[in-house]
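**Student:** Starting off with a structure, shown below.
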Amino acid sequence: MSHPRIAVGGFLHETNTFAPSQATYEDFLRGGGAPPLSEGEAIFDAVAASNIGLCGFIDAPETRAWTLIPTLWTAASPSAHVTQDAFERIAARLLAAIDEAMPLDGVYLDLHGAMVAQHFDDGEGELLRRVRALVGEGVPIVATLDLHGNVTPMMVEQSDMLIAYRTYPHVDMAATGARCAAALAMLLASGQRPAKAFRQLGFLMPIAWQCTAEEPCRSLYAEVAAMESESLPSVSFLTGFPAADFADCGPSVIVYGADQARADEAADALVSRIAAQESAFAGQVFDPEAGVREAMRLAERAMKPVIIADTQDNPGAGGDSDTMGMLKALIACRAQRAAIGNVFDPASASAAHETGVGAVIRLALGGHSGVAGDSPLEAAFTVEALSDGRFIAPGPYYGGGRLDMGPSACLRIDDICVVVVSRKAQMADQAMYRSVGIEPLEQAILVNKSSVHFRADFAPIAETILVCAAPGPMAVDPGALPWKRLRPGVRTSPSGQAFVPAIEPA
């Protein structure tokens, strides 16, 4: 008896259509905070022993009875639109590899769910449509999705099962890949497809308040897991990525059931439960100097660092990780024993490497993205340490991943250390500080350019965590974004105003 032939691959991007920089083909080649683009057998080594959906799928018990055929896997740091060139080149190579692998018994794809290309609002829907057209209706297609996926009707229609992460910080990406393997095994064994129930909720959820270790998501996700049964093999709640200006942006629920009535009933019940918590998806936000002053006040008696989330310049949500609002606030408030990272500025990192450790150099640091209200910090800095930017990130989010931040430096101004890097990835692992000689445990204040992912590794060492809103492209309140193309009636903030499209002039 031959082993089932399963093609595996991935194409991931989280798109902030309001962000300053697009995702080019070269961005996918490099990978940033993810492995670089890999094809064929090289995929297995690229994702091995890491918190990646495909890794969990490959390592799942069910796959031991299958012949896995690697195609292509790639991801780029969140940004504005994926360029048409990048989307078409990558999609073509992925489809060609799947075509070459045929005949197939199944397809597994590691996707994000919030990709917007220059020429397709629904990047994953278009990709799944092409895969379905290639392999036919008889071959099951399953995919993992990020909890922040903006799921569309076409994504649900063109796949057999979509299974989303249940943690934010995403410490279960590999575990979700394993859940996908179990789902595909069920489909292969039964030869049947489950009924689908897909619902979109009526309000956008700020990402700063989507943490699944805190309410309201902690209880909601516990309920999601408890809903699954033999008759409801998969239940997913996606909080959505609230910075993609197209009709299907927002939270959603996907339920797969033994029959349509059970799937619909479960989906409607879950939507009602989430909707009842709408007002809880909000929290306290400080302006930069108020946040620093509060952190300094708390640090006077703290035994551990006070951590500030520079949430609006989160490179994990499309920011360029180079705004200077929080650093300027640290300087203005004369913060002591403070560190901030990562600041993406290849030119400044290169200048530090050219002058060497101990040198004092004058730089126009950061602020190069054209963000309203932001500008470079022109000042003298001391080069404290240099690094090639290559290291292992052992914390729960990166999960032992091999990061390459490019030439990096620790620059000091007053009693503040700045991590300057040449590639973007959010500050979600303590090793990112240690890679340039900063010991995070010895700091009174840490400012992380991240929204929630940093909590996985930093919450255990934090005295407390504050959220600050310095100028940046990822608005802590989605209602502040200049929406134009949402579906009518969606509330752009919890319990806020409903979106009304502008009337085009005749």
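Chains: A, B, ... in order of the structure tokens. Residues: from 1 per chain. Ligands: from 1, in order shown.
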Determine, counting only C-alpha atoms, which protein, DNA and RNA residues have an atom within 12 Å of an atom of A:Ala185; residues of the same chain fewer than 6 positions away are not included. Present the result as a list of chain:residue names.
**Tutor:** A:Pro4, A:Arg5, A:Ile6, A:Phe57, A:Ala60, A:Pro61, A:Glu62, A:Thr63, A:Arg64, A:Ala65, A:Trp66, A:Asp105, A:Gly106, A:Val107, A:Tyr108, A:Pro140, A:Ile141, A:Val142, A:Met161, A:Ala178, A:Arg179, A:Gly191, A:Gln192, A:Arg193, A:Pro233
**Student:** List the spatial neighbours of A:His81 as a count of residues only - criterion: any atom at most 6 Å away, only C-alpha atoms, same-chain residues fewer than 3 positions off excluded.
**Tutor:** 6
**Student:** Applying 8 Å and only C-alpha atoms, which residues near stretch 162-171 of chain A remain after dropping the ones on its own chain fewer than 5 positions away? List them as a ChimeraX atom specification.
**Tutor:** /A:51,142-147,156,176,179-180,210-213,221,234-238,254,396-397,399,452-456
**Student:** Store the residues picked out above, limited to N, CA, C and O atoms, as a compact mmCIF listing (two decimals), in the first residue's frame.
**Tutor:**
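Listed below is the output, selection.txt:
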# COMPACT_ATOMS: atom_id res chain seq x y z
N ASN A 51 9.27 27.38 16.17
CA ASN A 51 7.85 27.61 16.38
C ASN A 51 7.22 28.14 15.09
O ASN A 51 6.86 29.31 14.97
N VAL A 142 -5.72 21.83 3.42
CA VAL A 142 -5.82 22.35 4.77
C VAL A 142 -4.73 23.40 4.97
O VAL A 142 -3.68 23.35 4.31
N ALA A 143 -4.97 24.33 5.85
CA ALA A 143 -3.99 25.39 6.08
C ALA A 143 -4.06 25.88 7.51
O ALA A 143 -5.13 25.94 8.11
N THR A 144 -2.91 26.25 8.05
CA THR A 144 -2.86 26.98 9.31
C THR A 144 -2.98 28.46 9.01
O THR A 144 -2.53 28.95 7.97
N LEU A 145 -3.60 29.18 9.94
CA LEU A 145 -3.72 30.63 9.84
C LEU A 145 -3.26 31.28 11.13
O LEU A 145 -3.43 30.71 12.22
N ASP A 146 -2.72 32.46 11.01
CA ASP A 146 -2.41 33.29 12.17
C ASP A 146 -3.72 33.72 12.84
O ASP A 146 -4.73 33.92 12.17
N LEU A 147 -3.68 33.86 14.14
CA LEU A 147 -4.83 34.39 14.89
C LEU A 147 -5.27 35.75 14.35
O LEU A 147 -6.44 36.13 14.46
N VAL A 156 -12.36 30.47 2.75
CA VAL A 156 -13.12 29.34 3.30
C VAL A 156 -13.62 28.44 2.18
O VAL A 156 -13.55 27.21 2.26
N THR A 176 -0.23 24.39 16.17
CA THR A 176 -1.34 24.52 15.23
C THR A 176 -1.06 23.74 13.95
O THR A 176 -1.97 23.14 13.36
N ARG A 179 -2.07 20.32 14.71
CA ARG A 179 -3.53 20.19 14.65
C ARG A 179 -4.00 20.06 13.21
O ARG A 179 -4.95 19.34 12.90
N CYS A 180 -3.32 20.75 12.31
CA CYS A 180 -3.66 20.65 10.89
C CYS A 180 -3.37 19.24 10.36
O CYS A 180 -4.13 18.71 9.53
N GLN A 210 -5.54 42.15 22.52
CA GLN A 210 -5.88 40.81 22.04
C GLN A 210 -5.07 39.72 22.73
O GLN A 210 -5.18 38.55 22.37
N CYS A 211 -4.27 40.06 23.71
CA CYS A 211 -3.41 39.07 24.38
C CYS A 211 -4.25 37.95 24.98
O CYS A 211 -5.19 38.20 25.74
N THR A 212 -3.92 36.72 24.66
CA THR A 212 -4.72 35.58 25.12
C THR A 212 -4.38 35.14 26.54
O THR A 212 -5.02 34.24 27.08
N ALA A 213 -3.37 35.79 27.14
CA ALA A 213 -3.07 35.51 28.55
C ALA A 213 -3.88 36.41 29.47
O ALA A 213 -3.80 36.28 30.69
N TYR A 221 -10.82 32.10 24.47
CA TYR A 221 -10.09 31.02 23.81
C TYR A 221 -10.18 29.71 24.57
O TYR A 221 -10.12 28.63 23.96
N SER A 234 -13.18 21.15 14.46
CA SER A 234 -12.31 22.32 14.50
C SER A 234 -13.14 23.58 14.69
O SER A 234 -14.12 23.81 13.98
N VAL A 235 -12.73 24.39 15.67
CA VAL A 235 -13.35 25.69 15.94
C VAL A 235 -12.24 26.73 16.04
O VAL A 235 -11.29 26.55 16.81
N SER A 236 -12.34 27.79 15.26
CA SER A 236 -11.33 28.84 15.28
C SER A 236 -11.98 30.20 15.47
O SER A 236 -13.03 30.49 14.88
N PHE A 237 -11.34 31.01 16.30
CA PHE A 237 -11.72 32.42 16.49
C PHE A 237 -10.50 33.24 16.14
O PHE A 237 -9.43 33.07 16.74
N LEU A 238 -10.62 34.10 15.15
CA LEU A 238 -9.53 34.95 14.72
C LEU A 238 -9.86 36.39 15.08
O LEU A 238 -10.91 36.92 14.68
N ILE A 254 -14.62 30.48 12.42
CA ILE A 254 -14.77 29.39 11.45
C ILE A 254 -15.01 28.11 12.22
O ILE A 254 -14.20 27.73 13.08
N PRO A 396 9.87 31.90 24.03
CA PRO A 396 8.70 31.15 23.55
C PRO A 396 8.18 31.58 22.20
O PRO A 396 7.61 30.76 21.48
N TYR A 397 8.35 32.86 21.82
CA TYR A 397 7.80 33.31 20.55
C TYR A 397 8.63 32.83 19.37
O TYR A 397 8.13 32.15 18.48
N GLY A 399 11.02 30.69 19.57
CA GLY A 399 11.11 29.24 19.76
C GLY A 399 12.42 28.62 19.35
O GLY A 399 12.44 27.50 18.82
N VAL A 452 2.36 42.84 21.56
CA VAL A 452 1.99 41.77 22.50
C VAL A 452 2.99 40.63 22.48
O VAL A 452 3.27 40.02 23.51
N HIS A 453 3.58 40.31 21.32
CA HIS A 453 4.46 39.14 21.23
C HIS A 453 5.58 39.17 22.26
O HIS A 453 6.02 38.12 22.74
N PHE A 454 6.07 40.34 22.61
CA PHE A 454 7.17 40.44 23.58
C PHE A 454 6.78 39.85 24.94
O PHE A 454 7.63 39.43 25.72
N ARG A 455 5.48 39.85 25.24
CA ARG A 455 5.04 39.38 26.56
C ARG A 455 5.44 37.94 26.83
O ARG A 455 5.66 37.56 27.99
N ALA A 456 5.55 37.12 25.79
CA ALA A 456 5.87 35.70 26.00
C ALA A 456 7.21 35.54 26.72
O ALA A 456 7.35 34.69 27.60
**Student:** Which of stretch 98-225 of chain A counts as strand (DSSP E or B) under DSSP, as a PyMOL selection string please?
**Tutor:** chain A and resi 106-111+114+117+141-145+161-164+195-200+203
**Student:** Could you take the residues named above and write them with N, CA, C and O atoms, as a compact mmCIF listing (two decimals), in the first residue's frame?
**Tutor:**
# COMPACT_ATOMS: atom_id res chain seq x y z
N GLY A 106 -3.17 15.13 -0.80
CA GLY A 106 -3.51 16.25 0.06
C GLY A 106 -2.50 17.37 -0.07
O GLY A 106 -1.39 17.17 -0.57
N VAL A 107 -2.91 18.56 0.36
CA VAL A 107 -2.04 19.74 0.36
C VAL A 107 -2.16 20.42 1.72
O VAL A 107 -3.27 20.63 2.22
N TYR A 108 -1.01 20.74 2.31
CA TYR A 108 -0.97 21.54 3.53
C TYR A 108 -0.22 22.82 3.23
O TYR A 108 0.91 22.79 2.70
N LEU A 109 -0.81 23.97 3.60
CA LEU A 109 -0.17 25.26 3.43
C LEU A 109 -0.09 25.99 4.76
O LEU A 109 -1.06 26.03 5.51
N ASP A 110 1.06 26.56 5.01
CA ASP A 110 1.31 27.40 6.19
C ASP A 110 1.09 28.84 5.73
O ASP A 110 1.92 29.40 4.99
N LEU A 111 -0.03 29.44 6.13
CA LEU A 111 -0.41 30.78 5.67
C LEU A 111 -0.58 31.71 6.86
O LEU A 111 -0.64 31.27 8.00
N ALA A 114 -3.73 37.34 6.43
CA ALA A 114 -3.95 38.79 6.31
C ALA A 114 -3.03 39.39 5.26
O ALA A 114 -2.51 40.49 5.44
N ALA A 117 -2.06 42.01 -1.45
CA ALA A 117 -1.11 42.31 -2.51
C ALA A 117 -1.53 43.59 -3.23
O ALA A 117 -2.66 44.05 -3.09
N ILE A 141 -7.44 20.28 0.88
CA ILE A 141 -6.49 21.36 1.16
C ILE A 141 -6.75 21.86 2.56
O ILE A 141 -7.87 22.28 2.89
N VAL A 142 -5.72 21.83 3.42
CA VAL A 142 -5.82 22.35 4.77
C VAL A 142 -4.73 23.40 4.97
O VAL A 142 -3.68 23.35 4.31
N ALA A 143 -4.97 24.33 5.85
CA ALA A 143 -3.99 25.39 6.08
C ALA A 143 -4.06 25.88 7.51
O ALA A 143 -5.13 25.94 8.11
N THR A 144 -2.91 26.25 8.05
CA THR A 144 -2.86 26.98 9.31
C THR A 144 -2.98 28.46 9.01
O THR A 144 -2.53 28.95 7.97
N LEU A 145 -3.60 29.18 9.94
CA LEU A 145 -3.72 30.63 9.84
C LEU A 145 -3.26 31.28 11.13
O LEU A 145 -3.43 30.71 12.22
N MET A 161 -10.22 22.88 5.25
CA MET A 161 -10.18 23.26 6.65
C MET A 161 -9.10 24.31 6.86
O MET A 161 -7.97 24.15 6.39
N LEU A 162 -9.47 25.39 7.54
CA LEU A 162 -8.54 26.43 7.97
C LEU A 162 -8.50 26.41 9.49
O LEU A 162 -9.54 26.50 10.14
N ILE A 163 -7.31 26.29 10.07
CA ILE A 163 -7.17 26.12 11.51
C ILE A 163 -6.23 27.20 12.04
O ILE A 163 -5.09 27.31 11.59
N ALA A 164 -6.71 28.00 12.99
CA ALA A 164 -5.97 29.19 13.43
C ALA A 164 -5.29 28.97 14.77
O ALA A 164 -5.72 28.17 15.61
N ALA A 195 -18.91 20.09 7.16
CA ALA A 195 -19.70 21.30 6.90
C ALA A 195 -18.94 22.50 7.43
O ALA A 195 -18.18 22.41 8.40
N LYS A 196 -19.16 23.67 6.80
CA LYS A 196 -18.44 24.89 7.17
C LYS A 196 -19.41 25.97 7.62
O LYS A 196 -20.45 26.18 6.99
N ALA A 197 -19.06 26.66 8.72
CA ALA A 197 -19.82 27.83 9.16
C ALA A 197 -18.83 28.96 9.38
O ALA A 197 -17.92 28.85 10.21
N PHE A 198 -19.01 30.04 8.63
CA PHE A 198 -18.09 31.17 8.67
C PHE A 198 -18.86 32.42 9.03
O PHE A 198 -19.90 32.71 8.43
N ARG A 199 -18.36 33.16 10.04
CA ARG A 199 -19.03 34.38 10.47
C ARG A 199 -17.98 35.49 10.63
O ARG A 199 -16.87 35.25 11.12
N GLN A 200 -18.34 36.71 10.24
CA GLN A 200 -17.51 37.88 10.48
C GLN A 200 -18.19 38.75 11.53
O GLN A 200 -19.39 38.98 11.47
N PHE A 203 -17.04 44.43 14.65
CA PHE A 203 -16.16 45.49 15.17
C PHE A 203 -14.71 45.07 15.09
O PHE A 203 -14.39 43.87 15.10
**Student:** Pick the closest to A:Gly319 from A:Val306, A:Ala425, A:Ala339, A:Ala208: which is it, counting only C-alpha atoms?
**Tutor:**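 Closest residue, counting only C-alpha atoms: A:Ala425.
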**Student:** Looking at only C-alpha atoms, which of A:Asp374, A:Pro78, A:Asn448, A:Ser350 is the one that sits closest to A:Ala409?
**Tutor:**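 Ranking A:Asp374, A:Pro78, A:Asn448, A:Ser350 by distance to A:Ala409, first place goes to A:Ser350.
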**Student:** Counting only C-alpha atoms, which of A:Asp388, A:Asp172, A:Glu126, A:Asp264 gets nearest to A:Glu157?
**Tutor:**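 When distances to A:Glu157 are compared using only C-alpha atoms, the smallest one comes from A:Glu126.
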**Student:** Report the residues of stretch 17-116 of chain A whose backbone DSSP state falls under alpha helix (DSSP H), written as an MDAnalysis selection string.
**Tutor:** chainID A and resid 25:30 42:47 53:59 84:101
**Student:** What is the atom CA of A:Leu127 to atom CA of A:Ser38 distance in Å?
**Tutor:**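 Atom CA of A:Ser38 lies 18.0 Å from atom CA of A:Leu127.
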**Student:** Counting only C-alpha atoms, what is within 6 Å of A:His148, bar same-chain residues fewer than 5 positions away, as a PyMOL selection string?
**Tutor:** chain A and resi 238-241
**Student:** With only C-alpha atoms as the basis for distance, which of A:Met405, A:Val357, A:Ala309, A:Met326 is at the shortest distance from A:Val285?
**Tutor:**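 Smallest separation from A:Val285 among the options: A:Ala309.
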**Student:** So, with only C-alpha atoms as the atoms that count, which of A:Ala266, A:Asp415, A:Glu294, A:Ile465 lies closest to A:Ala226?
**Tutor:**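 For A:Ala226, the nearest of the candidates is A:Ala266.
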**Student:** For A:Ala431, which residue out of A:Gly496, A:Gly400, A:Gly472, A:Pro305 is the nearest one, using only C-alpha atoms?
**Tutor:**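 Closest to A:Ala431, using only C-alpha atoms: A:Gly400.
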